[in-house]
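Source file: my_file.pdb; contents: PDB, C-alpha atoms, pLDDT in the B column.
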```
ATOM      1  CA  MET A  17     -24.501 -27.613 -22.180  1.00 60.00           C
ATOM      2  CA  GLY A  18     -25.046 -27.681 -18.407  1.00 88.00           C
ATOM      3  CA  ILE A  19     -27.467 -30.008 -16.652  1.00 90.00           C
ATOM      4  CA  ILE A  20     -29.106 -32.750 -18.720  1.00 92.00           C
ATOM      5  CA  MET A  21     -32.234 -34.598 -17.634  1.00 93.00           C
ATOM      6  CA  ARG A  22     -32.030 -38.368 -17.987  1.00 95.00           C
ATOM      7  CA  LEU A  23     -35.496 -38.956 -16.541  1.00 96.00           C
ATOM      8  CA  ASP A  24     -36.778 -40.505 -19.772  1.00 95.00           C
ATOM      9  CA  ARG A  25     -34.050 -43.147 -19.665  1.00 96.00           C
ATOM     10  CA  VAL A  26     -34.731 -44.078 -16.024  1.00 97.00           C
ATOM     11  CA  MET A  27     -38.478 -44.206 -16.635  1.00 97.00           C
ATOM     12  CA  ALA A  28     -37.954 -46.509 -19.615  1.00 96.00           C
ATOM     13  CA  ASP A  29     -35.630 -48.771 -17.605  1.00 96.00           C
ATOM     14  CA  ARG A  30     -38.265 -49.026 -14.857  1.00 96.00           C
ATOM     15  CA  LYS A  31     -41.145 -49.341 -17.370  1.00 97.00           C
ATOM     16  CA  VAL A  32     -43.015 -46.475 -15.698  1.00 97.00           C
ATOM     17  CA  SER A  33     -45.353 -44.310 -17.770  1.00 97.00           C
ATOM     18  CA  LEU A  34     -45.554 -40.539 -17.616  1.00 96.00           C
ATOM     19  CA  ASN A  35     -49.127 -40.654 -16.288  1.00 97.00           C
ATOM     20  CA  GLU A  36     -48.279 -43.241 -13.631  1.00 97.00           C
ATOM     21  CA  LEU A  37     -45.250 -41.342 -12.331  1.00 97.00           C
ATOM     22  CA  ALA A  38     -47.062 -37.986 -12.376  1.00 97.00           C
ATOM     23  CA  ASP A  39     -49.899 -39.463 -10.283  1.00 97.00           C
ATOM     24  CA  LYS A  40     -47.519 -41.051  -7.772  1.00 96.00           C
ATOM     25  CA  VAL A  41     -45.354 -37.926  -7.398  1.00 96.00           C
ATOM     26  CA  GLY A  42     -48.324 -35.548  -7.319  1.00 96.00           C
ATOM     27  CA  ILE A  43     -47.442 -33.276 -10.224  1.00 96.00           C
ATOM     28  CA  THR A  44     -49.223 -32.629 -13.493  1.00 96.00           C
ATOM     29  CA  ASN A  45     -48.490 -34.611 -16.640  1.00 96.00           C
ATOM     30  CA  VAL A  46     -47.491 -31.365 -18.348  1.00 96.00           C
ATOM     31  CA  ASN A  47     -44.914 -30.488 -15.686  1.00 95.00           C
ATOM     32  CA  LEU A  48     -43.494 -34.007 -15.639  1.00 96.00           C
ATOM     33  CA  SER A  49     -43.301 -33.972 -19.428  1.00 96.00           C
ATOM     34  CA  LYS A  50     -41.312 -30.729 -19.288  1.00 95.00           C
ATOM     35  CA  LEU A  51     -38.957 -32.304 -16.753  1.00 94.00           C
ATOM     36  CA  LYS A  52     -38.620 -35.417 -18.872  1.00 93.00           C
ATOM     37  CA  THR A  53     -37.694 -33.441 -21.985  1.00 91.00           C
ATOM     38  CA  GLY A  54     -35.386 -31.069 -20.118  1.00 89.00           C
ATOM     39  CA  LYS A  55     -37.460 -27.972 -20.911  1.00 92.00           C
ATOM     40  CA  VAL A  56     -37.186 -26.570 -17.393  1.00 91.00           C
ATOM     41  CA  SER A  57     -34.647 -24.371 -15.681  1.00 89.00           C
ATOM     42  CA  ALA A  58     -35.323 -25.577 -12.131  1.00 92.00           C
ATOM     43  CA  ILE A  59     -36.760 -28.461 -10.132  1.00 94.00           C
ATOM     44  CA  ARG A  60     -38.010 -28.418  -6.554  1.00 95.00           C
ATOM     45  CA  PHE A  61     -36.197 -30.701  -4.162  1.00 96.00           C
ATOM     46  CA  SER A  62     -39.549 -32.116  -3.049  1.00 96.00           C
ATOM     47  CA  THR A  63     -40.342 -33.069  -6.664  1.00 96.00           C
ATOM     48  CA  LEU A  64     -36.883 -34.551  -7.139  1.00 96.00           C
ATOM     49  CA  GLU A  65     -37.300 -36.492  -3.906  1.00 97.00           C
ATOM     50  CA  GLY A  66     -40.700 -37.850  -5.017  1.00 97.00           C
ATOM     51  CA  ILE A  67     -39.346 -38.925  -8.393  1.00 97.00           C
ATOM     52  CA  CYS A  68     -36.342 -40.650  -6.822  1.00 97.00           C
ATOM     53  CA  LYS A  69     -38.576 -42.379  -4.276  1.00 97.00           C
ATOM     54  CA  GLU A  70     -40.981 -43.720  -6.909  1.00 97.00           C
ATOM     55  CA  LEU A  71     -38.249 -44.744  -9.364  1.00 97.00           C
ATOM     56  CA  GLU A  72     -35.979 -46.078  -6.595  1.00 97.00           C
ATOM     57  CA  CYS A  73     -33.020 -44.112  -7.903  1.00 97.00           C
ATOM     58  CA  GLN A  74     -30.576 -41.402  -6.905  1.00 97.00           C
ATOM     59  CA  PRO A  75     -30.655 -37.797  -8.207  1.00 97.00           C
ATOM     60  CA  GLY A  76     -27.470 -38.535 -10.151  1.00 96.00           C
ATOM     61  CA  ASP A  77     -29.342 -41.204 -12.094  1.00 97.00           C
ATOM     62  CA  ILE A  78     -31.651 -38.605 -13.637  1.00 95.00           C
ATOM     63  CA  LEU A  79     -29.453 -35.479 -13.618  1.00 95.00           C
ATOM     64  CA  GLU A  80     -26.160 -35.247 -15.470  1.00 94.00           C
ATOM     65  CA  TYR A  81     -23.681 -32.364 -15.721  1.00 94.00           C
ATOM     66  CA  GLN A  82     -22.001 -31.787 -19.080  1.00 91.00           C
ATOM     67  CA  PRO A  83     -19.772 -28.727 -19.253  1.00 89.00           C
ATOM     68  CA  SER A  84     -19.543 -26.967 -22.571  1.00 80.00           C
ATOM     69  CA  GLU A  85     -16.258 -25.655 -23.860  1.00 75.00           C
ATOM     70  CA  SER A  86     -17.541 -22.073 -24.059  1.00 68.00           C
ATOM     71  CA  ASP A  87     -19.352 -22.152 -20.707  1.00 57.00           C
ATOM     72  CA  ASP A  88     -17.721 -20.409 -17.746  1.00 60.00           C
ATOM     73  CA  GLY A  89     -20.174 -22.027 -15.357  1.00 57.00           C
ATOM     74  CA  GLY A  90     -22.510 -19.055 -15.189  1.00 59.00           C
ATOM     75  CA  TYR A  91     -21.437 -18.003 -11.722  1.00 59.00           C
ATOM     76  CA  ALA A  92     -18.973 -15.549 -10.271  1.00 54.00           C
ATOM     77  CA  GLU A  93     -16.214 -16.419  -7.841  1.00 53.00           C
ATOM     78  CA  ALA A  94     -16.776 -15.453  -4.244  1.00 52.00           C
ATOM     79  CA  GLU A  95     -14.664 -12.621  -2.948  1.00 51.00           C
ATOM     80  CA  GLU A  96     -12.455 -13.296   0.027  1.00 47.00           C
TER
END
```
Using the file provided, produce a representation of the structure as structure tokens.
Amino acid sequence: MGIIMRLDRVMADRKVSLNELADKVGITNVNLSKLKTGKVSAIRFSTLEGICKELECQPGDILEYQPSESDDGGYAEAEE
């Protein structure tokens, strides 16, 4: 499965709305909604930092790694 976004859970725990967090972080509601639902393939560190600052959390609170049984990790080993 890979990386799972838990942003919705943290926002609910903190009682922060999508509009409020988007305004404070400085991103659009649409982009924050995509992050919240996990419909993105990347996140900028500056955005992650802003979210963590506003929600007073750590990146591990909103990002979770779940390996799938058929997933090889999607990366090749480095040659020595």
For Arg30 in chain A, the nearest of the candidates A:Gly66, A:Ser49, A:Glu72, A:Thr44, counting all atoms listed in the file
A:Glu72
Run through the PyMOL selection byres ((chain A and resi 42) around 12) on the given coordinates and return the selected residues as a ChimeraX atom specification.
/A:34-41,43-48,62-67,70
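In this comparison, which uses only C-alpha atoms, the residue of A:Val32, A:Leu23, A:Gly76, A:Gln82 approaching Thr53 in chain A most closely is A:Leu23.
Nearest to Cys73 in chain A of all the residues A:Ser33, A:Leu51, A:Arg25, A:Ile59 is A:Arg25, based on all atoms listed in the file.
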Can you turn the PyMOL selection byres ((chain A and resi 79) around 9) into a concrete residue list for this file, as a count of residues only?
11
Could you jot down the CA of Glu85 in chain A to CA of Lys55 in chain A separation for me, Å, one decimal place?
21.5 Å
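The gap separating CA of Asp29 in chain A from CA of Lys52 in chain A is 13.7 Å, in Å to one decimal.
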Generate a file for range 18-30 of chain A, containing all heavy atoms, as a short mmCIF file (atom, residue, chain, number, x, y, z; two decimals), in the first residue's frame.
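Saved as part17.cif:
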```cif
data_model
loop_
_atom_site.label_atom_id
_atom_site.label_comp_id
_atom_site.auth_asym_id
_atom_site.auth_seq_id
_atom_site.Cartn_x
_atom_site.Cartn_y
_atom_site.Cartn_z
N GLY A 18 1.98 1.26 0.73
CA GLY A 18 2.87 2.41 0.70
C GLY A 18 2.62 3.40 1.82
O GLY A 18 2.37 3.03 2.95
N ILE A 19 2.65 4.67 1.47
CA ILE A 19 2.47 5.75 2.44
C ILE A 19 0.99 6.12 2.53
O ILE A 19 0.34 6.36 1.51
CB ILE A 19 3.29 7.00 2.06
CG1 ILE A 19 4.77 6.65 1.93
CG2 ILE A 19 3.06 8.13 3.06
CD1 ILE A 19 5.43 6.19 3.21
N ILE A 20 0.48 6.20 3.74
CA ILE A 20 -0.92 6.55 3.98
C ILE A 20 -0.97 7.87 4.71
O ILE A 20 -0.23 8.10 5.68
CB ILE A 20 -1.61 5.47 4.83
CG1 ILE A 20 -1.59 4.14 4.08
CG2 ILE A 20 -3.03 5.88 5.18
CD1 ILE A 20 -2.04 2.98 4.90
N MET A 21 -1.83 8.77 4.24
CA MET A 21 -2.02 10.06 4.90
C MET A 21 -3.03 9.91 6.03
O MET A 21 -4.13 9.40 5.81
CB MET A 21 -2.53 11.10 3.90
CG MET A 21 -1.52 11.52 2.85
SD MET A 21 -0.09 12.37 3.50
CE MET A 21 -0.81 13.87 4.12
N ARG A 22 -2.65 10.37 7.19
CA ARG A 22 -3.54 10.37 8.36
C ARG A 22 -3.91 11.80 8.76
O ARG A 22 -4.26 12.06 9.90
CB ARG A 22 -2.87 9.65 9.53
CG ARG A 22 -2.54 8.21 9.26
CD ARG A 22 -3.78 7.38 9.14
NE ARG A 22 -3.43 5.96 9.00
CZ ARG A 22 -4.23 5.06 8.50
NH1 ARG A 22 -5.41 5.42 8.05
NH2 ARG A 22 -3.87 3.82 8.42
N LEU A 23 -3.79 12.72 7.82
CA LEU A 23 -4.05 14.13 8.08
C LEU A 23 -5.48 14.35 8.57
O LEU A 23 -5.71 15.14 9.49
CB LEU A 23 -3.78 14.96 6.83
CG LEU A 23 -3.97 16.47 6.94
CD1 LEU A 23 -3.10 17.06 8.04
CD2 LEU A 23 -3.66 17.12 5.60
N ASP A 24 -6.44 13.65 7.98
CA ASP A 24 -7.83 13.82 8.39
C ASP A 24 -8.04 13.50 9.86
O ASP A 24 -8.74 14.20 10.59
CB ASP A 24 -8.77 12.99 7.51
CG ASP A 24 -8.43 11.51 7.48
OD1 ASP A 24 -7.31 11.13 7.87
OD2 ASP A 24 -9.30 10.73 7.06
N ARG A 25 -7.37 12.45 10.33
CA ARG A 25 -7.48 12.05 11.73
C ARG A 25 -6.91 13.11 12.67
O ARG A 25 -7.52 13.46 13.69
CB ARG A 25 -6.79 10.71 11.93
CG ARG A 25 -6.91 10.14 13.32
CD ARG A 25 -6.34 8.76 13.42
NE ARG A 25 -4.93 8.76 13.06
CZ ARG A 25 -4.21 7.67 12.88
NH1 ARG A 25 -4.78 6.49 12.98
NH2 ARG A 25 -2.94 7.75 12.59
N VAL A 26 -5.73 13.64 12.32
CA VAL A 26 -5.08 14.65 13.16
C VAL A 26 -5.89 15.94 13.15
O VAL A 26 -6.08 16.57 14.20
CB VAL A 26 -3.63 14.91 12.70
CG1 VAL A 26 -2.97 16.00 13.53
CG2 VAL A 26 -2.80 13.62 12.81
N MET A 27 -6.41 16.32 12.00
CA MET A 27 -7.26 17.51 11.92
C MET A 27 -8.51 17.36 12.79
O MET A 27 -8.90 18.29 13.49
CB MET A 27 -7.64 17.81 10.47
CG MET A 27 -6.51 18.33 9.63
SD MET A 27 -6.95 18.51 7.88
CE MET A 27 -8.24 19.75 7.98
N ALA A 28 -9.11 16.19 12.76
CA ALA A 28 -10.31 15.94 13.57
C ALA A 28 -9.98 15.99 15.06
O ALA A 28 -10.71 16.58 15.85
CB ALA A 28 -10.92 14.60 13.20
N ASP A 29 -8.85 15.40 15.44
CA ASP A 29 -8.42 15.42 16.84
C ASP A 29 -8.20 16.85 17.33
O ASP A 29 -8.50 17.17 18.48
CB ASP A 29 -7.12 14.63 17.03
CG ASP A 29 -7.32 13.13 16.89
OD1 ASP A 29 -8.48 12.67 16.89
OD2 ASP A 29 -6.30 12.42 16.75
N ARG A 30 -7.68 17.70 16.45
CA ARG A 30 -7.37 19.09 16.82
C ARG A 30 -8.55 20.04 16.56
O ARG A 30 -8.47 21.22 16.84
CB ARG A 30 -6.16 19.60 16.02
CG ARG A 30 -4.91 18.74 16.08
CD ARG A 30 -4.16 18.89 17.38
NE ARG A 30 -2.81 18.37 17.33
CZ ARG A 30 -2.45 17.10 17.37
NH1 ARG A 30 -3.37 16.16 17.39
NH2 ARG A 30 -1.18 16.74 17.37
#
```
